[in-house]
Each structure stands twice: as structure tokens, then as C-alpha cells.
Amino acid sequence: MRKSKIFICLTFISFIIPSLLFAQKYFNTITLINDSGENAFVKVVGPTELQVEVPKKKNTIVNVSAGVYYILVRYGNNPKNYSYAKGEPFQIIQNDKEYTSISITLNKTESGNYNTNPTSSEEFGNSDKTQHDSLSLIVPVNEQYSNDPGLKDNELMITSIPLGLKVFLAPDIDSLKSTLISSNLQIQTSHYLIDSTNFKGYTPLVMKDVKPGKYLIGIEPVKIIDEKLKLSDIDESMKPSALISADIYPNITSADKKGMYGAIIYSLDKDFVNGERIIILSFPHELPISKMEQYYPPKSKFVFDEVELKKEIKKNGFSNKEINIAIDLLHRGGKIRLNGKGLTLFIEILNNGSWKIGTLRKSNNTD
């Protein structure tokens with residue numbers, strides 16, 4: 001009996017960016033639209049490897065790096081009646097002037113311009129076992145309890161909120177001492193870390209054989225200075241050591257200034273042999289909690305005791321509305337910054353479901 005082909009509708013759009021901007025600051029996206037009438041579980045296979053659930057009649061958006069991809073789809077709710085499909089390769093393009101946004105409509109009908117064929121449960125399952133020589137992109141080990149990413153000794157996981165940022169890593173050859181970033185920090189036009197030889201991939205990723213020592217982590221692209229000429233996408237719970245941008249205006253106070261993009265470099269003292277996860281916040285550090293949702297993954301990944309953590313946050317004077325938003329975002333991203341009056345809280349969920357809370361107190365003193 002001849003197997004019928006399954007077709008998935010695909011819309012491909014490559015955006016051209018004006019030359020005054022940089023396409024690298026935009027995220028390539030794949031929008032998965034489930035019009036199949038069944039729940040779907042999709043594996044995106046390529047330079048960025050992701051697994052996402054796409055309920056029927058729902059959409060899910062993922063961020064990916066440039067490169068060649070294909071998707072594997074599992075349809076259905078009952079393991080006894082699952083059906084599987086594998087798509088043909090497609091390309092995500094990103095350069096100085098272009099980035100890519102793709103919409104894939106999951107629809108088991110003979111229509112659309114993205115050809116897929118039936119595949120087996122074995123091929124769908126074996127896609128998880130892909131090995132990478134220098135780094136491997138991580139997916140949740142346990143859908144019900146994914147606090148622990150299952151890192152092995154000397155593995156370093158770097159993820160960010162939002163996802164899809166470039167990561168650079170190298171030993172700190174100068175053994176630089178980290179200093180607090182202040183508004184008068186000089187922005188450098190170059191740094192040895194921000195180089196193709198130190199580029200490791202896009203968040204989230206896992207690097208192997210990262211032994212204890214002093215390292216520098218570069219994150220790009222980020223908005224270094226916003227339209228109000230203030231420092232922007234900096235995670236102050238980390239140890240920032242440098243700001244890098246070739247986008248330096250002759251007059252930083254010019255009226256047409258719309259922000260400055262570049263890279264942020266953090267210092268890392270890795271003291272332990274066992275695996276370690278680092279979550280880096282990369283959105284405006286003065287942003288109120290009510291406007292942070294757009295940066296976080298849509299699905300809950302982290303499990304913890306909400307009741308006890310709410311009590312801890314409430315001690316610091318935050319409203320119930322702020323606390324509820326923070327709890328939701330912690331479930332989704334594992335780390336949050338809460339800006340309050342006179343202080344800022346950094347809360348991060350640990351592997352065992354506990355948490356750590358850091359406090360940054362604001363000073364009103366002027367010299």
C-alpha cells in the first residue's frame with residue numbers, strides 16, 4: 001500500500017533591514033501554527049535544537065540561529081495512536097541586512113509548499129541522541145520537573161532571557177578584576193573575546209570540558225545604551241567587566257540617538273568540577289515587572305514552592321500583583337529581577353527547586 005505524503009504549509013519571509021541598523025539585533029523566528037486538529041509535539045533540528053508542544057488551534061514561536069533546519073512532528077494524545085512526520089530542510093538566513101521569520105502551519109493535508117513525509121517513532125526519538133563535538137544544545141530532561149538540566153562534570157550551560165543570543169567564551173587571559181558598571185564606563189570598540197574563534201553558539205547551549213578557572217562570557221546582541229542614554233540590557237547579578245560596540249556616535253547626546261547595540265562581557269569564576277548552569281537576564285535592567293513577560297519563554301519549566309517564595313518576596317514590600325507576575329516568570333525562565341523602591345531583588349531557581357535571592361540596594365547619595 002502506498003503511503004500518502006503529508007504536507008505542511010510554510011510561509012517564508014526574509015526581512016531587509018535599513019543599513020543604519022544591524023539585523024543581528026533581531027531574532028530569527030519560526031512560528032508553529034497547529035491547524036491539524038490534534039495536539040502536536042515538534043522537534044526543531046538544526047544549529048538550534050528545540051522541543052515544543054503546540055496544542056491544537058494554538059501557535060508557538062521559537063527563536064533560532066541562522067542555518068539549515070528541518071522539523072519532526074508527533075501528532076496525537078494517545079501513544080497508541082501517534083503519527084509522525086519529517087519535514088524537508090529549510091534555511092534560516094541572517095546577515096548584516098537580513099533576518100528571517102518563518103511560519104509553518106501544521107496541517108495534515110496535501111497543500112502548502114513545505115513537503116514532509118511520514119516517519120517512525122524511532123527516528124523521532126533518536127533525534128534526541130544527536131552528539132556535538134564541542135557543544136550540545138540542551139532540551140528539558142524531564143517535562144514535569146526540569147529544574148535540573150542533567151549536566152555532567154565540567155559542563156557549563158549558558159542560557160538567557162530572552163533566548164537566541166550569541167555566546168562567546170574564553171579564559172580570562174588578563175585575570176581582570178570585575179568592577180561594577182557605572183554610567184561613566186567607557187565603551188570599547190573591540191575586545192579579544194568577541195571573535196569568531198571564541199563564538200560557541202546561541203542560547204541555550206551546553207559546553208563540555210569547561211574546567212574550573214577564570215573565564216569571560218560575552219553576550220551579543222544587546223542594547224548597551226537605550227534611547228534615554230541610560231545603560232540597558234545588563235544583568236547586575238552577574239559580574240559585568242566590559243561593554244563592546246562599534247556603533248559609537250561622535251556625539252552621544254545627539255537628538256537622533258535611538259540606542260546603542262553591541263556586546264556585554266561578564267566575568268566568571270568557575271570553582272567547581274560539577275556541571276553549572278548560568279541564566280543571564282538580557283533586557284532593560286530598569287524595566288518594571290509588568291513589562292517583562294515578552295522576554296520570557298511561554299512554557300513553564302521550573303518547579304518550586306510558590307507559597308514559601310511568595311512569603312520571602314512579600315517581606316521586601318512588593319505588591320501581590322508584582323509577586324504573582326514574578327512567580328509566573330520564574331516558572332518560565334528560572335530567574336527574575338524585581339525592581340522596588342530603594343532595592344532590587346534577583347531571584348533564581350536552583351536545580352533542587354530551592355532558590356537564591358540577591359539584593360541590590362539603590363543609593364540616593366550624590367557627591
# chains A, B, ... in the order shown; residues from 1 in each chain; ligands from 1
call {"tool": "residues_around", "arguments": {"residues": "segment 154-163 of chain A", "least_positions_apart": "4", "cutoff": "9 Å", "atoms": "only C-alpha atoms", "output": "MDAnalysis selection string"}}
result
chainID A and resid 27 62:64 137:138 149 167 202:212 219 272:283 294:297 333 335
call {"tool": "select_by_dssp", "arguments": {"residues": "segment 164-319 of chain A", "states": "strand (DSSP E or B)", "output": "number ranges by chain"}}
result
A: 166-171, 188, 199-202, 205-207, 213-225, 231, 240-244, 260-270, 276-281
call {"tool": "residues_around", "arguments": {"residues": "segment 226-237 of chain A", "least_positions_apart": "2", "cutoff": "7 Å", "atoms": "only C-alpha atoms", "output": "list in words"}}
result
Ser183, Val222, Lys223, Ile224, Lys239, Lys257, Lys258, Gly259, Met260, Ile280, Leu281, Ser282, Phe283, Pro284, His285 and Phe346 of chain A
call {"tool": "closest_residue", "arguments": {"among": "A:Ser101, A:Thr48, A:Asn147, A:Ser120", "to": "Asn352 of chain A", "atoms": "only C-alpha atoms"}}
result
A:Asn147
call {"tool": "closest_residue", "arguments": {"among": "A:Tyr75, A:Leu350, A:Leu50, A:Thr116", "to": "Gly37 of chain A", "atoms": "only C-alpha atoms"}}
result
A:Tyr75
call {"tool": "select_by_dssp", "arguments": {"residues": "segment 182-351 of chain A", "states": "alpha helix (DSSP H)", "output": "PyMOL selection string"}}
result
chain A and resi 306-314+320-333
call {"tool": "write_last_selection", "arguments": {"atoms": "C-alpha atoms", "output": "short mmCIF file (atom, residue, chain, number, x, y, z; two decimals), in the first residue's frame"}}
result
data_model
loop_
_atom_site.label_atom_id
_atom_site.label_comp_id
_atom_site.auth_asym_id
_atom_site.auth_seq_id
_atom_site.Cartn_x
_atom_site.Cartn_y
_atom_site.Cartn_z
CA GLU A 306 5.21 29.05 45.35
CA VAL A 307 3.74 29.68 48.80
CA GLU A 308 7.07 29.94 50.58
CA LEU A 309 8.71 32.02 47.88
CA LYS A 310 5.80 34.46 47.84
CA LYS A 311 6.33 34.97 51.58
CA GLU A 312 10.01 35.74 51.02
CA ILE A 313 9.26 38.28 48.28
CA LYS A 314 6.47 39.94 50.26
CA ASN A 320 0.57 40.90 45.36
CA LYS A 321 0.27 41.77 41.66
CA GLU A 322 4.05 42.13 41.31
CA ILE A 323 4.62 38.89 43.24
CA ASN A 324 2.18 36.91 41.08
CA ILE A 325 3.85 38.09 37.87
CA ALA A 326 7.29 37.29 39.29
CA ILE A 327 6.18 33.75 40.25
CA ASP A 328 4.83 33.13 36.75
CA LEU A 329 8.04 34.35 35.10
CA LEU A 330 10.18 32.27 37.46
CA HIS A 331 8.27 29.17 36.38
CA ARG A 332 9.01 30.08 32.77
CA GLY A 333 12.59 31.31 32.95
#
call {"tool": "residues_around", "arguments": {"residues": "Gly87 of chain A", "least_positions_apart": "4", "cutoff": "7 Å", "atoms": "only C-alpha atoms", "output": "mmCIF file with C-alpha atoms, in the first residue's frame"}}
result
data_model
loop_
_atom_site.group_PDB
_atom_site.id
_atom_site.type_symbol
_atom_site.label_atom_id
_atom_site.label_comp_id
_atom_site.auth_asym_id
_atom_site.auth_seq_id
_atom_site.Cartn_x
_atom_site.Cartn_y
_atom_site.Cartn_z
ATOM 1 C CA TYR A 70 14.108 20.527 9.462
ATOM 2 C CA ILE A 71 11.279 19.609 11.805
ATOM 3 C CA LEU A 72 9.944 16.361 13.234
ATOM 4 C CA ASN A 115 6.918 18.852 1.870
ATOM 5 C CA THR A 116 7.024 16.292 4.666
ATOM 6 C CA ASN A 117 6.809 12.524 4.703
#
call {"tool": "residues_around", "arguments": {"residues": "Tyr266 of chain A", "least_positions_apart": "4", "cutoff": "9 Å", "atoms": "only C-alpha atoms", "output": "list in words"}}
result
Ser178, Tyr215, Leu216, Ile217, Gly218, Ile219, Met238, Lys239, Pro240, Ser241 and Ala242 of chain A
call {"tool": "atom_distance", "arguments": {"atom1": "atom CA of Ile349 of chain A", "atom2": "atom CA of Val54 of chain A"}}
result
25.6 Å
call {"tool": "residues_around", "arguments": {"residues": "Leu287 of chain A", "least_positions_apart": "4", "cutoff": "9 Å", "atoms": "only C-alpha atoms", "output": "list in words"}}
result
Phe283, Lys291, Met292, Arg337, Leu338 and Asn339 of chain A
